[in-house]
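Undergrad: I have a structure here, written as structure tokens, and I will follow up with some questions on it.
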Amino acid sequence: MSQIFIGVGSNVDREKNITSCIIRLRENYDNFSMSPIYETSSMGFSGPNFYNLVCKFETSEKLQELKLNLNKIEMDHGRTHGETKFSSRTLDIDILYYDSMIIEVDNITVPRDEITRYDFVLRPLVDIAPNFIHPKEKLTHQEILNTYDIKELIINTVNIKI
């Protein structure tokens, strides 16, 4: 089994889409856990605020199969691919880590650059795995948070019953 960390975000019907996504992930993946949900400013465009969180789970799926299954969850929530990079999203799921591997294949790059750049990715990672070591940086999430100049977009924590 591989340990996976994903980022999940939505700024269109946020509560409905995040709730539905979490339910699907819990049904399909083992040892599921999730961070608190954070409300964050939209980045790179003027739009509604996002809800963002990080989920951790285990799977026997290979990376490409996992990506296809996560894309299906996005599409089932109204996501169309090929959208403008910085725009509203019904659901956005990014693979942040696949075990501790460093991979660049078929438009998939893990670990994701966003981990060391944005608080809405790093803060939830610190919440659920503060001592996980970033395979490129060779630092824990907590050390990255303490060391790097992280762009701050988090507004507050959101409480959704899931």
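Every chain in the structure tokens has a letter given in the order shown (A, B, ...), and although residue numbers restart at 1 in each chain, ligands are simply numbered from 1 in the order shown.
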Quick one: DSSP alpha helix (DSSP H) residues in chain A, as a ChimeraX atom specification?
TA: /A:14-28,63-76,119-128,141-147
Undergrad: Could you save the residues just selected, with N, CA and C atoms, as a compact mmCIF listing (two decimals), in the first residue's frame?
TA:
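File produced: part38.txt:
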# COMPACT_ATOMS: atom_id res chain seq x y z
N ARG A 14 -19.10 25.23 -2.36
CA ARG A 14 -17.97 24.70 -1.59
C ARG A 14 -18.35 23.59 -0.61
N GLU A 15 -19.30 23.87 0.25
CA GLU A 15 -19.63 22.89 1.29
C GLU A 15 -20.16 21.60 0.67
N LYS A 16 -21.05 21.71 -0.30
CA LYS A 16 -21.63 20.54 -0.96
C LYS A 16 -20.53 19.72 -1.66
N ASN A 17 -19.67 20.37 -2.43
CA ASN A 17 -18.65 19.66 -3.19
C ASN A 17 -17.57 19.05 -2.30
N ILE A 18 -17.15 19.76 -1.28
CA ILE A 18 -16.14 19.22 -0.36
C ILE A 18 -16.72 18.03 0.40
N THR A 19 -17.94 18.16 0.90
CA THR A 19 -18.58 17.07 1.64
C THR A 19 -18.72 15.82 0.77
N SER A 20 -19.23 16.00 -0.43
CA SER A 20 -19.41 14.86 -1.33
C SER A 20 -18.08 14.21 -1.69
N CYS A 21 -17.07 15.02 -1.93
CA CYS A 21 -15.74 14.50 -2.26
C CYS A 21 -15.18 13.67 -1.10
N ILE A 22 -15.28 14.18 0.11
CA ILE A 22 -14.76 13.47 1.29
C ILE A 22 -15.47 12.12 1.45
N ILE A 23 -16.77 12.12 1.26
CA ILE A 23 -17.54 10.87 1.37
C ILE A 23 -17.02 9.85 0.35
N ARG A 24 -16.81 10.28 -0.90
CA ARG A 24 -16.29 9.38 -1.94
C ARG A 24 -14.90 8.86 -1.59
N LEU A 25 -14.04 9.74 -1.12
CA LEU A 25 -12.67 9.32 -0.76
C LEU A 25 -12.70 8.31 0.38
N ARG A 26 -13.51 8.56 1.39
CA ARG A 26 -13.62 7.61 2.52
C ARG A 26 -14.11 6.25 2.07
N GLU A 27 -15.03 6.22 1.10
CA GLU A 27 -15.56 4.96 0.59
C GLU A 27 -14.53 4.17 -0.21
N ASN A 28 -13.61 4.88 -0.86
CA ASN A 28 -12.71 4.24 -1.81
C ASN A 28 -11.29 3.99 -1.32
N LEU A 63 0.25 5.26 -9.60
CA LEU A 63 0.07 6.71 -9.69
C LEU A 63 -0.90 7.11 -10.80
N GLN A 64 -0.74 6.58 -12.00
CA GLN A 64 -1.61 6.97 -13.12
C GLN A 64 -3.06 6.56 -12.87
N GLU A 65 -3.25 5.38 -12.29
CA GLU A 65 -4.61 4.92 -11.97
C GLU A 65 -5.24 5.81 -10.90
N LEU A 66 -4.46 6.16 -9.88
CA LEU A 66 -4.95 7.07 -8.84
C LEU A 66 -5.36 8.40 -9.46
N LYS A 67 -4.53 8.95 -10.32
CA LYS A 67 -4.82 10.23 -10.97
C LYS A 67 -6.12 10.15 -11.76
N LEU A 68 -6.32 9.08 -12.52
CA LEU A 68 -7.56 8.91 -13.29
C LEU A 68 -8.78 8.83 -12.37
N ASN A 69 -8.67 8.11 -11.26
CA ASN A 69 -9.79 7.98 -10.33
C ASN A 69 -10.11 9.30 -9.64
N LEU A 70 -9.08 10.07 -9.30
CA LEU A 70 -9.32 11.39 -8.69
C LEU A 70 -9.91 12.35 -9.72
N ASN A 71 -9.45 12.26 -10.97
CA ASN A 71 -10.04 13.09 -12.03
C ASN A 71 -11.52 12.76 -12.23
N LYS A 72 -11.87 11.48 -12.09
CA LYS A 72 -13.28 11.08 -12.23
C LYS A 72 -14.12 11.73 -11.12
N ILE A 73 -13.59 11.75 -9.90
CA ILE A 73 -14.32 12.40 -8.80
C ILE A 73 -14.50 13.89 -9.13
N GLU A 74 -13.46 14.53 -9.64
CA GLU A 74 -13.59 15.94 -10.03
C GLU A 74 -14.67 16.12 -11.09
N MET A 75 -14.63 15.29 -12.14
CA MET A 75 -15.61 15.41 -13.23
C MET A 75 -17.03 15.12 -12.75
N ASP A 76 -17.18 14.18 -11.83
CA ASP A 76 -18.50 13.88 -11.27
C ASP A 76 -19.06 15.07 -10.49
N ASP A 119 0.33 28.63 2.11
CA ASP A 119 -0.11 28.17 3.43
C ASP A 119 -1.33 27.25 3.35
N PHE A 120 -2.18 27.40 2.33
CA PHE A 120 -3.37 26.55 2.26
C PHE A 120 -3.04 25.11 1.88
N VAL A 121 -1.80 24.86 1.46
CA VAL A 121 -1.32 23.50 1.23
C VAL A 121 -0.48 23.04 2.41
N LEU A 122 0.46 23.87 2.83
CA LEU A 122 1.39 23.48 3.89
C LEU A 122 0.74 23.40 5.26
N ARG A 123 -0.09 24.36 5.63
CA ARG A 123 -0.71 24.36 6.97
C ARG A 123 -1.51 23.07 7.21
N PRO A 124 -2.37 22.62 6.27
CA PRO A 124 -3.09 21.36 6.51
C PRO A 124 -2.15 20.15 6.55
N LEU A 125 -1.05 20.20 5.80
CA LEU A 125 -0.06 19.11 5.89
C LEU A 125 0.58 19.08 7.27
N VAL A 126 0.86 20.24 7.82
CA VAL A 126 1.41 20.31 9.19
C VAL A 126 0.38 19.75 10.18
N ASP A 127 -0.90 20.05 9.94
CA ASP A 127 -1.95 19.57 10.84
C ASP A 127 -2.00 18.05 10.91
N ILE A 128 -1.86 17.36 9.76
CA ILE A 128 -2.03 15.90 9.78
C ILE A 128 -0.72 15.12 9.73
N HIS A 141 7.40 18.95 7.36
CA HIS A 141 6.43 20.01 7.08
C HIS A 141 6.56 21.14 8.08
N GLN A 142 6.72 20.80 9.35
CA GLN A 142 6.85 21.83 10.38
C GLN A 142 8.10 22.68 10.13
N GLU A 143 9.20 22.06 9.77
CA GLU A 143 10.44 22.81 9.49
C GLU A 143 10.26 23.72 8.27
N ILE A 144 9.56 23.23 7.26
CA ILE A 144 9.30 24.08 6.08
C ILE A 144 8.47 25.29 6.49
N LEU A 145 7.44 25.07 7.28
CA LEU A 145 6.59 26.17 7.74
C LEU A 145 7.41 27.19 8.53
N ASN A 146 8.33 26.71 9.34
CA ASN A 146 9.15 27.60 10.17
C ASN A 146 10.25 28.31 9.39
N THR A 147 10.64 27.76 8.24
CA THR A 147 11.82 28.23 7.52
C THR A 147 11.50 29.04 6.27
Undergrad: Please identify the strand (DSSP E or B) residues within region 107-138 of chain A (assignment by DSSP from backbone atoms) and present them as a list in words.
TA: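 Of region 107-138 of chain A, only Ile108, Thr109, Val110, Tyr118 and Ile133 of chain A fall in strand (DSSP E or B).
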Undergrad: What's around Ser33 (chain A) at 8 Å? Count only C-alpha atoms, leave out sequence neighbours fewer than 6 positions away in its own chain, and write the answer as a list in words.
TA: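 My list of contacting residues is Cys55, Lys56, Phe57 and Ile128 of chain A.
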Undergrad: So how far away is CA of Met34 (chain A) from CA of Ile115 (chain A), in Å?
TA: 16.1 Å
Undergrad: Rank nothing, just name the residue among A:Lys62, A:His77, A:Lys161, A:Arg89 nearest to Asn11 (chain A), using only C-alpha atoms.
TA: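 Checking each candidate against Asn11 (chain A), we get A:Arg89 as the closest.
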Undergrad: Pick from A:Glu39, A:Asp99, A:Asp30, A:Asp92: nearest to Ile4 (chain A), with only C-alpha atoms counted?
TA: A:Asp99
Undergrad: Report, in Å to a single decimal, how far apart CA of Ser41 (chain A) and CA of His134 (chain A) are.
TA: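 Distance between the two atoms: 25.4 Å.
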Undergrad: In Å, with one decimal, what is the gap from CA of Glu58 (chain A) to CA of Asn31 (chain A)?
TA: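 Atom-to-atom, CA of Glu58 (chain A) and CA of Asn31 (chain A) are spaced 6.0 Å apart.
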